[in-house]
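Structure first, commentary second.
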Number of protein chains: 2
Amino acid sequence: MSQDNQEILTVIYKNLYRTGCVSLVGTALILSVAFSPQKTLAQSAYPLQWEENLPGVWQAVVNQAGPHNFVDLAAKKPRAKAIKALGQTSFPLEREDIYAEIRDGQTYLRLPLQKGEQIYGLGLNFKSIQQTGQVKRLHMDHYGNSDNGRTHAPVPFYVSSRGYGVFINSTQYIDIYVGSAVRKDNPNAPTPRDRNTDPNWSANPFSDAIEILIPAEQAELIVFEGNTPLKAVQRFNLFFGGGVIPPKWGLGFWHRTPTLYGDQDVMQEIAEFEKNNFPLDVIGLEPGWHSKSYPGTFEWDSERFPEPSAFIRKAENKQVKINLWCNPYLSPESTMYNALNPLSASHTVWGGIVPDLNLEAVRTIYGEHLMEHEVGIGVSGFKIDEVDGYDHWLWPDVATFPSGVAASQMRQTYGLQFMNLVTNLYRQRNTRTYGLVRANNAGGVALPYVLYNDQYAHQDFITGLINSSFCGVLWVPEVRSSKNAEEWLRRMQTSCFSPMAMINAWSSGTQPWSFPEVYEACQEVAFLRMQLLPYLYSTFAQYYFEGIPPFRAMVLEDDYRQPPATLAGELDDTSNPYQEAIRKENTSQYMMGDNLMVAPLFAGEKEREVILPSGRWYDFYTGELVGNGEVINVAPPINQIPLFVKNGGIIPMMDPIRQTSEWTEDTALEIRVYGTAPGTFTLYDDDGASFDFEQGEYTTKLLDAENGTGKLIDLESNGPWTYGEINWVFMSKN
Amino acid sequence: MSQDNQEILTVIYKNLYRTGCVSLVGTALILSVAFSPQKTLAQSAYPLQWEENLPGVWQAVVNQAGPHNFVDLAAKKPRAKAIKALGQTSFPLEREDIYAEIRDGQTYLRLPLQKGEQIYGLGLNFKSIQQTGQVKRLHMDHYGNSDNGRTHAPVPFYVSSRGYGVFINSTQYIDIYVGSAVRKDNPNAPTPRDRNTDPNWSANPFSDAIEILIPAEQAELIVFEGNTPLKAVQRFNLFFGGGVIPPKWGLGFWHRTPTLYGDQDVMQEIAEFEKNNFPLDVIGLEPGWHSKSYPGTFEWDSERFPEPSAFIRKAENKQVKINLWCNPYLSPESTMYNALNPLSASHTVWGGIVPDLNLEAVRTIYGEHLMEHEVGIGVSGFKIDEVDGYDHWLWPDVATFPSGVAASQMRQTYGLQFMNLVTNLYRQRNTRTYGLVRANNAGGVALPYVLYNDQYAHQDFITGLINSSFCGVLWVPEVRSSKNAEEWLRRMQTSCFSPMAMINAWSSGTQPWSFPEVYEACQEVAFLRMQLLPYLYSTFAQYYFEGIPPFRAMVLEDDYRQPPATLAGELDDTSNPYQEAIRKENTSQYMMGDNLMVAPLFAGEKEREVILPSGRWYDFYTGELVGNGEVINVAPPINQIPLFVKNGGIIPMMDPIRQTSEWTEDTALEIRVYGTAPGTFTLYDDDGASFDFEQGEYTTKLLDAENGTGKLIDLESNGPWTYGEINWVFMSKN
């Protein structure tokens with residue numbers, strides 16, 4: 001196709017777009033070029049046609065979105081009103097810069113990238129925040145220590161520092177070149193340099209494009225405009241129904257007991273938490289609750305748990321919820337086996353069948369079983385393990401599913417689909433659940449699950465927590481075991497400043513007091529989390545109502561302007577033969593809600609740098625001014641995780657209760673106010689347990705502080721209100 | 001399709017196979033099932049039909065081999081006579097156990113795997129030898145520290161311990177599940193175990209299949225029968241034309257000088273080798289010989305090399321050959337640029353264009369340029385860099401090539417194609433070349449190139465050397481720099497027992513004497529290599545004539561029966577949460593030729609275990625008996641790399657010359673004989689430089705030793721014979 005023909009085609013497209021017949025004709029045109037060889041991308045590619053279906057949300061298809069796509073699978077519909085409330089915008093890119101092409105049965109996409117533009121997201125990364133220059137194949141898997149696209153949430157969504165997001169609505173394995181590949185026809189292509197003599201030679205020259213390869217002849221692209229990166233993320237989250245508000249107990253302390261614990265061991269563990277005065281809201285049972293496991297039966301072991309209902313009631317009497325580990329693969333000894341065997345995949349996982357969750361019959365049989373044996377007797381939720389990888393455990397891509405959905409696409413979504421199945425059971429009972437999952441993906445924002453894995457590198461855990469904010473998932477830096485008391489405490493501190501405060505002692509049998517020398521400090525931070533629950537709960541309400549991630553990257557803050565520093569690489573013939581520059585990023589500092597900045601320390605560190613966004617910032621513990629838009633060094637006592645509050649930041653707190661069951665009517669509030677600027681905070685409340693808030697049954701009040709006085713202003717009052725006496729504390733003198 | 005229909009289909013196939021119309025009808029049948037959803041593999045798959053085109057070589061297609069396949073690209077034709085000489089065999093598998101299916105535009109293949117069967121190969125792995133239980137996606141790339149299929153030679157060929165090999169003749173990225181995935185319809189599926197209580201629970205239950213996924217609706221499978229794994233490898237190698245015999249100088253010592261060395265620096269370096277009495281046959285120039293590099297011009301830098309021809313003649317006067325570093329991507333300042341720019345890929349590499357080597361015009365222009373500027377003035381060969389990866393440097397899979405060949409398939413073969421282009425230039429001059437390359441693939445066996453990379457882990461280098469024997473490639477454990485003298489010596493020792501003895505000082509500027517405290521030991525091992533050249537040259541002749549890899553895995557030896565030991569894994573909630581068994585393999589012991597076993601030591605080791613194949617084995621240095629089919633411990637002096645010779649093993653050696661130019665007529669031979677058994681060895685000779693040996697111009701003589709006397713028996717005498725006086729040395733007393 002000549003350049004002239006290409007121009008004519010573009011004109012035809014523009015006219016067809018106005019008349020509304022673009023998608024049909026588009027299909028025909030695409031097919032007409034699909035089998036013509038010897039075309040370069042520039043010749044046979046054509047610009048996509050965009051439709052603004054919601055304010056600031058533009059959609060374009062190549063043929064169609066394709067079967068088994070994320071939007072079709074989504075648990076919730078877009079929150080149109082909330083998206084609209086984010087304001088009117090315009091298409092954030094040059095439409096002519098976005099090209100598509102179908103070739104060799106695959107879809108090729110090209111999107112523009114500007115010099116200096118930073119790209120975030122593309123799934124749950126654990127090493128890096130900025131993704132520019134990287135190449136990924138988005139593929140569900142246990143994270144393998146490299147940000148190559150294989151991860152527990154390979155969400156095909158990226159956010160630009162320029163304030164827009166791009167989502168590829170496809171559950172295929174997607175290859176994405178984030179400004180790594182330089183085209184010949186790129187007018188911005190850098191001049192080649194001579195490595196022999198030019199010290200400015202770079203192994204990674206600038207590319208002006210993000211290029212994408214989808215192994216299917218169809219795809220949908222969705223662009224989310226935001227003006228800021230955070231607004232783009234909000235639109236993405238709201239498009240998939242907005243974030244979750246966990247039940248109140250879900251934000252208390254969690255403890256998972258060793259695999260083979262029986263009912264009496266568990267009750268004993270609960271008693272020890274009480275005796276040691278340590279917060280406890282949830283006990284998680286590991287595989288041993290199943291009569292057989294790996295593969296599991298989803299039936300209680302009659303020796304370890306002879307009377308499951310009675311056991312759950314006993315725990316409830318201690319105000320403790322029970323969560324159950326599982327993976328969805330079924331043992332031949334499960335009573336579901338015979339019914340589900342013909343409705344499952346061609347391959348097994350550890351000998352367990354893999355039910356095809358696309359089939360309604362499967363969801364009915366599985367759901368009824370779970371309702372009868374677990375959900376219906378009061379189990380609070382599940383930990384859904386091994387829905388991610390590794391390749392050598394899960395069904396292979398050669399497997400078949402009775403529904404005809406490709407094995408690879410099932411790999412991308414199995415976690416999503418099982419979460420959805422379970423969550424619907426809880427919806428039937430109008431009871432919120434909160435659980436764990438090892439595989440999530442686009443649309444998971446609306447499902448009450450927190451991701452975890454087996455990797456256990458503490459610094460990576462925090463980088464993962466930061467990255468979770470770009471892809472609509474939650475991440476827990478859980479605590480298992482530690483080499484020493486310092487590491488134990490550092491891990492406990494970050495777990496308490498995450499979506500789920502949890503010890504996972506399934507194998508180690510650790511307890512909060514396993515390192516007595518730091519036990520008081522562990523207690524301190526766990527109770528601090530409990531005190532912060534009014535703030536944290538309102539922060540999750542923001543996740544639901546506005547799509548704002550409760551734990552989030554600094555680069556999502558308007559006032560944070562710290563480009564990642566690139567250090568010149570040093571030539572080394574074995575460790576750095578291409579003298580690649582080293583990107584220095586702030587991968588361990590994040591926001592919890594609007595006002596609180598967390599800058600954890602890791603074992604072995606006595607001090608650290610903290611990058612303050614512009615404006616004045618204050619020490620959470622003392623209220624003292626620590627700086628203004630600068631890099632500071634902090635060396636706090638070991639029992640304090642470094643926490644900072646922005647000027648005018650309001651932090652509502654309650655008394656240090658041990659269990660959220662104590663968070664009832666007339667809970668006294670201490671409202672801390674930091675700095676000198678006026679500030680507001682929307683305090684949210686509801687029944688803490690049901691889905692009634694989705695019908696408007698909740699209460700919000702505006703906390704309004706200025707010049708040393710605070711006011712409570714009613715906003716919405718359609719639901720419960722837990723709080724009684726209110727005490728305003730102005731923490732800062734300057 | 002019902003089970004009955006499947007049976008009918010199989011009968012139809014069998015009849016069609018007899019009448020010879022299977023492939024056409026096969027296509028139609030395949031297409032008829034390609035779009036039927038809701039089929040499991042077992043239902044819509046059909047057994048392949050095999051044709052024995054050469055003795056012990058069976059071929060079967062799914063539709064057809066497909067465009068740009070390895071067989072079409074091969075530099076040489078199958079060596080039918082040599083294959084026939086390996087004897088008559090029968091199809092090594094149950095034909096009914098090999099299934100194919102086309103689904104979603106992809107080809108699915110299933111091959112059988114028996115309990116205890118070991119699978120080797122599937123590309124150049126650096127950590128493991130046994131591949132059973134692994135999952136790979138064969139993808140050309142710089143090795144990334146995991147045997148996941150991304151490597152410098154992702155050859156789609158595997159060898160079974162049962163004595164057959166399977167080759168997938170496709171340049172697509174191939175997914176392969178090596179006995180990792182268990183099907184429901186597998187009659188050998190293991191009974192699921194209860195991980196809660198059964199200590200024999202395994203994270204990796206037995207699978208009876210190797211399953212393969214090719215992202216194209218076509219493929220060719222080739223099965224090589226061998227009775228033994230080595231014979232299967234031989235057939236594979238001979239099918240691609242047999243191995244290479246390097247020029248004699250190629251087996252001497254190589255040294256690569258720092259990047260910016262000019263002609264005088266190089267002559268000075270050559271003089272220093274002479275002064276220090278260290279072997280030297282080849283000097284390799286790094287990027288600085290180009291006028292511009294990364295991307296390169298393939299034109300000499302006028303300051304560093306003002307008179308290239310004169311420089312090469314000067315080096316030749318010192319009996320030193322010149323090898324040139326390059327990568328094939330062209331700088332805008334190359335005189336080839338304007339002609340090749342329209343014939344190159346859509347994307348650049350470091351700003352250099354990527355010429356489409358499928359186009360004859362490209363090969364002509366490129367070839368003429370190389371002939372004029374490099375080959376024609378006496379350059380001995382090239383080091384072809386960066387044809388492997390990484391993804392963020394090379395053209396992306398979204399790129400297009402003017403020939404219409406997919407970018408991914410070009411990625412798999414670019415190294416092969418550039419080697420072929422260069423080798424053909426040398427063929428035109430009837431001059432052998434020997435060089436380096438960073439990307440090889442199936443068919444590379446016939447091309448005179450040795451693989452290398454930047455990874456530099458010494459133990460992995462040796463495991464790579466071992467694995468090279470399964471996929472028809474050569475690998476060099478080159479020496480760059482070292483932390484200390486011990487490491488330097490250990491690396492020098494293994495480099496001298498590899499296809500290429502080489503220091504690569506491009507960045508470090510090291511020299512053999514960089515660590516004076518071990519210089520004598522380095523000299524010793526380098527001269528020992530020179531002494532062994534008659535043995536090594538004959539060993540390469542075996543590679544050419546019989547397809548036997550010169551450096552090879554112990555598991556390719558008939559008498560080696562050491563299954564990899566599997567140690568029970570220890571449960572650890574972070575490092576081994578699935579309590580996976582640990583496979584203990586012998587990854588650092590290999591054969592050089594038929595008689596010499598190498599068991600190197602690494603820095604920090606004073607002693608090591610050596611697994612002796614059955615029969616009596618002898619110390620190379622002393623001739624003493626070391627054991628018989630047992631595991632021994634050796635702790636030699638640091639200047640000796642542990643070497644062992646089998647009973648009856650004959651090692652022909654010459655005087656310790658410094659340069660192969662001294663290996664001329666009347667070279668004295670010392671023929672060492674080890675042990676007490678009778679033995680023979682075929683000593684090969686030719687002109688050492690031209691391709692005349694391919695026309696039969698070579699000489700072979702049988703060295704025949706028995707009871708303390710040796711005889712030389714003429715076999716073929718159509719070419720030069722270098723040797724004069726012969727001295728038989730019987731090394732062993734018992």
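Residues in the structure tokens are numbered from 1 in each chain, the chains being A, B, ... in the order shown, and ligands are numbered from 1 in the order shown.
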Sorted by chain and rising residue number, which residues of chain A lie within 6 Å of chain B, and what are their closest atom pairs and distances in Å to one decimal, counting only C-alpha atoms, as CSV?
residue,atom,partner,partner_atom,distance
A:Pro37,CA,B:Gly404,CA,5.3
A:Gln38,CA,B:Gly404,CA,4.5
A:Thr40,CA,B:Thr400,CA,5.4
A:Val135,CA,B:His392,CA,6.0
A:Ser180,CA,B:His392,CA,5.2
A:Val182,CA,B:His347,CA,5.6
A:Arg183,CA,B:His347,CA,4.0
A:Lys184,CA,B:His347,CA,5.3
A:Pro192,CA,B:Gly351,CA,4.8
A:Asp194,CA,B:Lys292,CA,5.2
A:Arg195,CA,B:Tyr294,CA,5.8
A:Asn196,CA,B:Gly288,CA,5.7
A:Gly288,CA,B:Asn196,CA,5.7
A:Lys292,CA,B:Asp194,CA,5.2
A:Ser293,CA,B:Asp194,CA,5.3
A:Tyr294,CA,B:Arg195,CA,5.8
A:Ser346,CA,B:Lys184,CA,5.7
A:His347,CA,B:Arg183,CA,4.0
A:Thr348,CA,B:Val182,CA,5.7
A:Gly351,CA,B:Pro192,CA,4.8
A:His392,CA,B:Ser180,CA,5.2
A:Thr400,CA,B:Thr40,CA,5.4
A:Pro402,CA,B:Gln38,CA,5.1
A:Ser403,CA,B:Gln38,CA,5.6
A:Gly404,CA,B:Gln38,CA,4.6
A:Asp454,CA,B:Thr574,CA,5.9
A:Ser507,CA,B:Asp573,CA,5.6
A:Asp573,CA,B:Ser507,CA,5.7
A:Thr574,CA,B:Asp454,CA,5.9
Give the helix (DSSP H, G or I) residues of region 379-620 of chain B, as DSSP finds them on the backbone, and put them as a compact mmCIF listing (two decimals) with N, CA and C atoms, in the first residue's frame.
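Listing of part.txt after writing:
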# COMPACT_ATOMS: atom_id res chain seq x y z
N ALA B 407 9.51 -11.18 12.30
CA ALA B 407 10.63 -10.70 13.11
C ALA B 407 11.08 -11.74 14.12
N SER B 408 10.12 -12.48 14.69
CA SER B 408 10.48 -13.49 15.68
C SER B 408 11.31 -14.60 15.04
N GLN B 409 10.93 -14.99 13.83
CA GLN B 409 11.68 -16.05 13.16
C GLN B 409 13.06 -15.54 12.73
N MET B 410 13.15 -14.26 12.39
CA MET B 410 14.46 -13.69 12.08
C MET B 410 15.34 -13.67 13.32
N ARG B 411 14.72 -13.43 14.46
CA ARG B 411 15.46 -13.44 15.73
C ARG B 411 16.11 -14.80 15.96
N GLN B 412 15.37 -15.86 15.64
CA GLN B 412 15.87 -17.22 15.86
C GLN B 412 17.04 -17.57 14.94
N THR B 413 17.11 -16.91 13.77
CA THR B 413 18.04 -17.38 12.74
C THR B 413 19.06 -16.35 12.27
N TYR B 414 19.02 -15.14 12.78
CA TYR B 414 19.89 -14.10 12.22
C TYR B 414 21.38 -14.49 12.33
N GLY B 415 21.73 -15.06 13.46
CA GLY B 415 23.12 -15.51 13.62
C GLY B 415 23.48 -16.56 12.60
N LEU B 416 22.61 -17.56 12.47
CA LEU B 416 22.82 -18.62 11.45
C LEU B 416 23.04 -18.01 10.08
N GLN B 417 22.17 -17.07 9.71
CA GLN B 417 22.20 -16.53 8.36
C GLN B 417 23.44 -15.68 8.12
N PHE B 418 23.87 -14.95 9.15
CA PHE B 418 25.08 -14.14 8.96
C PHE B 418 26.33 -15.04 8.91
N MET B 419 26.36 -16.07 9.74
CA MET B 419 27.47 -17.04 9.68
C MET B 419 27.57 -17.65 8.29
N ASN B 420 26.41 -17.99 7.77
CA ASN B 420 26.35 -18.64 6.46
C ASN B 420 26.89 -17.70 5.37
N LEU B 421 26.46 -16.45 5.44
CA LEU B 421 26.94 -15.44 4.49
C LEU B 421 28.47 -15.37 4.53
N VAL B 422 29.01 -15.26 5.72
CA VAL B 422 30.47 -15.09 5.85
C VAL B 422 31.20 -16.37 5.43
N THR B 423 30.67 -17.51 5.87
CA THR B 423 31.35 -18.76 5.55
C THR B 423 31.41 -18.98 4.04
N ASN B 424 30.36 -18.58 3.35
CA ASN B 424 30.35 -18.74 1.89
C ASN B 424 31.46 -17.92 1.22
N LEU B 425 31.77 -16.77 1.81
CA LEU B 425 32.88 -15.97 1.24
C LEU B 425 34.19 -16.76 1.33
N TYR B 426 34.38 -17.40 2.47
CA TYR B 426 35.61 -18.19 2.64
C TYR B 426 35.61 -19.41 1.74
N ARG B 427 34.43 -19.97 1.52
CA ARG B 427 34.34 -21.10 0.58
C ARG B 427 34.77 -20.66 -0.82
N GLN B 428 34.36 -19.47 -1.18
CA GLN B 428 34.75 -18.96 -2.50
C GLN B 428 36.27 -18.93 -2.63
N GLY B 444 23.59 -25.17 12.71
CA GLY B 444 24.86 -24.49 12.97
C GLY B 444 26.03 -25.46 13.09
N VAL B 445 25.72 -26.74 13.21
CA VAL B 445 26.78 -27.75 13.34
C VAL B 445 27.77 -27.68 12.18
N ALA B 446 27.28 -27.28 11.00
CA ALA B 446 28.12 -27.27 9.80
C ALA B 446 28.83 -25.93 9.61
N HIS B 458 31.90 -19.33 35.88
CA HIS B 458 32.80 -20.37 35.38
C HIS B 458 32.13 -21.75 35.38
N GLN B 459 31.43 -22.09 36.46
CA GLN B 459 30.78 -23.40 36.50
C GLN B 459 29.71 -23.51 35.40
N ASP B 460 28.96 -22.44 35.19
CA ASP B 460 27.95 -22.46 34.13
C ASP B 460 28.61 -22.61 32.76
N PHE B 461 29.77 -21.99 32.60
CA PHE B 461 30.50 -22.12 31.33
C PHE B 461 30.76 -23.60 31.02
N ILE B 462 31.10 -24.36 32.03
CA ILE B 462 31.43 -25.77 31.80
C ILE B 462 30.14 -26.57 31.55
N THR B 463 29.09 -26.25 32.29
CA THR B 463 27.80 -26.91 32.03
C THR B 463 27.34 -26.59 30.61
N GLY B 464 27.59 -25.37 30.17
CA GLY B 464 27.28 -24.99 28.79
C GLY B 464 28.08 -25.81 27.79
N LEU B 465 29.35 -26.00 28.08
CA LEU B 465 30.20 -26.80 27.20
C LEU B 465 29.64 -28.22 27.07
N ILE B 466 29.20 -28.76 28.19
CA ILE B 466 28.61 -30.11 28.20
C ILE B 466 27.33 -30.12 27.35
N ASN B 467 26.47 -29.14 27.58
CA ASN B 467 25.19 -29.11 26.86
C ASN B 467 25.35 -28.83 25.37
N SER B 468 26.45 -28.19 24.99
CA SER B 468 26.65 -27.90 23.56
C SER B 468 26.63 -29.20 22.75
N SER B 469 26.96 -30.31 23.39
CA SER B 469 27.04 -31.57 22.64
C SER B 469 25.68 -32.13 22.26
N PHE B 470 24.60 -31.61 22.86
CA PHE B 470 23.27 -32.13 22.52
C PHE B 470 22.64 -31.37 21.36
N ALA B 485 44.50 -15.00 41.24
CA ALA B 485 45.35 -15.85 40.41
C ALA B 485 44.76 -17.26 40.26
N GLU B 486 44.20 -17.77 41.33
CA GLU B 486 43.65 -19.12 41.27
C GLU B 486 42.52 -19.20 40.24
N GLU B 487 41.61 -18.23 40.31
CA GLU B 487 40.52 -18.21 39.35
C GLU B 487 41.06 -18.09 37.93
N TRP B 488 42.05 -17.23 37.75
CA TRP B 488 42.63 -17.02 36.42
C TRP B 488 43.16 -18.34 35.85
N LEU B 489 43.89 -19.06 36.70
CA LEU B 489 44.46 -20.33 36.24
C LEU B 489 43.36 -21.34 35.94
N ARG B 490 42.37 -21.42 36.82
CA ARG B 490 41.30 -22.41 36.61
C ARG B 490 40.56 -22.12 35.30
N ARG B 491 40.34 -20.84 35.04
CA ARG B 491 39.67 -20.47 33.78
C ARG B 491 40.57 -20.77 32.58
N MET B 492 41.86 -20.48 32.70
CA MET B 492 42.78 -20.76 31.60
C MET B 492 42.80 -22.26 31.30
N GLN B 493 42.76 -23.06 32.35
CA GLN B 493 42.80 -24.52 32.15
C GLN B 493 41.59 -25.01 31.34
N THR B 494 40.39 -24.53 31.71
CA THR B 494 39.22 -25.05 30.98
C THR B 494 39.15 -24.47 29.57
N SER B 495 39.59 -23.24 29.40
CA SER B 495 39.60 -22.67 28.05
C SER B 495 40.49 -23.52 27.14
N CYS B 496 41.59 -24.03 27.68
CA CYS B 496 42.49 -24.87 26.87
C CYS B 496 41.91 -26.26 26.62
N PRO B 516 51.21 -13.16 37.63
CA PRO B 516 52.54 -13.77 37.49
C PRO B 516 52.70 -15.05 38.31
N GLU B 517 52.03 -15.11 39.47
CA GLU B 517 52.23 -16.27 40.34
C GLU B 517 51.72 -17.57 39.72
N VAL B 518 50.84 -17.48 38.72
CA VAL B 518 50.38 -18.71 38.06
C VAL B 518 50.80 -18.75 36.59
N TYR B 519 51.73 -17.86 36.21
CA TYR B 519 52.04 -17.79 34.79
C TYR B 519 52.61 -19.10 34.25
N GLU B 520 53.49 -19.69 35.01
CA GLU B 520 54.08 -20.95 34.52
C GLU B 520 53.00 -22.03 34.32
N ALA B 521 52.07 -22.06 35.25
CA ALA B 521 51.00 -23.07 35.13
C ALA B 521 50.11 -22.76 33.92
N CYS B 522 49.92 -21.47 33.62
CA CYS B 522 49.13 -21.10 32.43
C CYS B 522 49.87 -21.53 31.17
N GLN B 523 51.16 -21.23 31.14
CA GLN B 523 52.00 -21.66 30.02
C GLN B 523 51.90 -23.17 29.83
N GLU B 524 51.98 -23.86 30.95
CA GLU B 524 51.97 -25.32 30.92
C GLU B 524 50.71 -25.88 30.26
N VAL B 525 49.57 -25.35 30.67
CA VAL B 525 48.32 -25.89 30.12
C VAL B 525 48.13 -25.45 28.68
N ALA B 526 48.58 -24.25 28.33
CA ALA B 526 48.47 -23.79 26.94
C ALA B 526 49.35 -24.66 26.03
N PHE B 527 50.55 -24.96 26.49
CA PHE B 527 51.42 -25.83 25.68
C PHE B 527 50.89 -27.26 25.65
N LEU B 528 50.25 -27.69 26.75
CA LEU B 528 49.65 -29.03 26.74
C LEU B 528 48.57 -29.11 25.66
N ARG B 529 47.76 -28.03 25.55
CA ARG B 529 46.76 -28.01 24.47
C ARG B 529 47.46 -28.16 23.12
N MET B 530 48.56 -27.41 22.92
CA MET B 530 49.26 -27.48 21.64
C MET B 530 49.76 -28.91 21.39
N GLN B 531 50.26 -29.54 22.45
CA GLN B 531 50.74 -30.93 22.29
C GLN B 531 49.61 -31.88 21.89
N LEU B 533 47.08 -31.28 20.01
CA LEU B 533 46.35 -30.94 18.77
C LEU B 533 46.18 -32.12 17.80
N PRO B 534 47.16 -33.02 17.65
CA PRO B 534 46.91 -34.18 16.77
C PRO B 534 45.68 -34.97 17.22
N TYR B 535 45.55 -35.14 18.55
CA TYR B 535 44.37 -35.83 19.10
C TYR B 535 43.12 -35.00 18.85
N LEU B 536 43.20 -33.70 19.14
CA LEU B 536 42.02 -32.84 19.03
C LEU B 536 41.58 -32.67 17.58
N TYR B 537 42.55 -32.56 16.69
CA TYR B 537 42.22 -32.38 15.27
C TYR B 537 41.49 -33.63 14.74
N SER B 538 41.97 -34.78 15.15
CA SER B 538 41.30 -36.03 14.74
C SER B 538 39.91 -36.12 15.36
N THR B 539 39.77 -35.56 16.55
CA THR B 539 38.48 -35.55 17.23
C THR B 539 37.48 -34.67 16.46
N PHE B 540 37.97 -33.54 15.94
CA PHE B 540 37.10 -32.71 15.10
C PHE B 540 36.78 -33.41 13.78
N ALA B 541 37.73 -34.21 13.29
CA ALA B 541 37.43 -34.98 12.07
C ALA B 541 36.25 -35.92 12.31
N GLN B 542 36.22 -36.53 13.51
CA GLN B 542 35.06 -37.36 13.88
C GLN B 542 33.76 -36.56 13.85
N TYR B 543 33.86 -35.30 14.25
CA TYR B 543 32.69 -34.41 14.26
C TYR B 543 32.18 -34.26 12.83
N TYR B 544 33.11 -34.08 11.91
CA TYR B 544 32.73 -33.90 10.51
C TYR B 544 32.24 -35.21 9.90
N PHE B 545 33.04 -36.27 10.06
CA PHE B 545 32.72 -37.51 9.34
C PHE B 545 31.58 -38.31 9.98
N GLU B 546 31.54 -38.28 11.32
CA GLU B 546 30.57 -39.15 12.01
C GLU B 546 29.53 -38.38 12.82
N MET B 554 28.95 -36.57 29.61
CA MET B 554 29.20 -37.95 30.05
C MET B 554 28.02 -38.85 29.70
N VAL B 555 26.81 -38.31 29.75
CA VAL B 555 25.64 -39.16 29.47
C VAL B 555 25.59 -39.63 28.02
N LEU B 556 26.44 -39.09 27.17
CA LEU B 556 26.51 -39.59 25.80
C LEU B 556 27.48 -40.78 25.70
Exercise. In Å, with one decimal, what is the gap from CA of Leu715 (chain A) to CA of Thr700 (chain A)?
Worked result: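 According to the coordinates, CA of Leu715 (chain A) and CA of Thr700 (chain A) are separated by 5.4 Å.
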Shell of 6 Å around Trp58 (chain A), only C-alpha atoms, local chain residues under 4 positions omitted, as a PDB file with N, CA and C atoms, in the first residue's frame:
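Saved as part.pdb:
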ATOM      1  N   TRP A  50     -11.479   6.166  17.734  1.00  0.00           N
ATOM      2  CA  TRP A  50     -11.785   6.190  19.158  1.00  0.00           C
ATOM      3  C   TRP A  50     -13.205   6.679  19.429  1.00  0.00           C
ATOM      4  N   GLU A  51     -13.799   6.059  20.442  1.00  0.00           N
ATOM      5  CA  GLU A  51     -15.126   6.470  20.875  1.00  0.00           C
ATOM      6  C   GLU A  51     -15.077   6.765  22.368  1.00  0.00           C
ATOM      7  N   GLU A  52     -15.611   7.922  22.752  1.00  0.00           N
ATOM      8  CA  GLU A  52     -15.613   8.291  24.168  1.00  0.00           C
ATOM      9  C   GLU A  52     -16.918   7.819  24.781  1.00  0.00           C
ATOM     10  N   ILE A 222      -8.252   0.779  25.500  1.00  0.00           N
ATOM     11  CA  ILE A 222      -9.040   1.777  26.228  1.00  0.00           C
ATOM     12  C   ILE A 222      -8.074   2.800  26.808  1.00  0.00           C
ATOM     13  N   VAL A 223      -8.288   4.052  26.482  1.00  0.00           N
ATOM     14  CA  VAL A 223      -7.436   5.126  26.992  1.00  0.00           C
ATOM     15  C   VAL A 223      -8.191   5.876  28.086  1.00  0.00           C
TER      16      VAL A 223
END
For this session: Check the smallest atom-to-atom distance from each of A:Gln118, A:Ala339, A:Gly623, A:Met267 to Glu316 (chain A) using only C-alpha atoms, then report the winner.
Result: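 Of A:Gln118, A:Ala339, A:Gly623, A:Met267, the one nearest Glu316 (chain A), counting only C-alpha atoms, is A:Met267.
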For this session: Enumerate the residues of region 480-557 of chain B with a DSSP assignment of strand (DSSP E), computed from the backbone, and present them as a list in words.
Result: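 Result set for region 480-557 of chain B (strand (DSSP E)): Ala501, Met502, Ile503, Asn504, Phe551, Arg552 and Ala553 of chain B.
Within 10 Å of Leu474 (chain B), once only C-alpha atoms are used and residues closer than 5 positions along the same chain are dropped, the contacting residues are Leu124, Ala153, Gly243, Val244, Leu436, Val437, Asn440, Gly444, Val445, Leu447, Pro448, Tyr449, Val450, Leu451, Tyr452, Gly464, Leu465, Ile466, Asn467, Ser468, Ser469, Ser498, Pro499, Met500, Pro549, Pro550, Phe551 and Arg552 of chain B.
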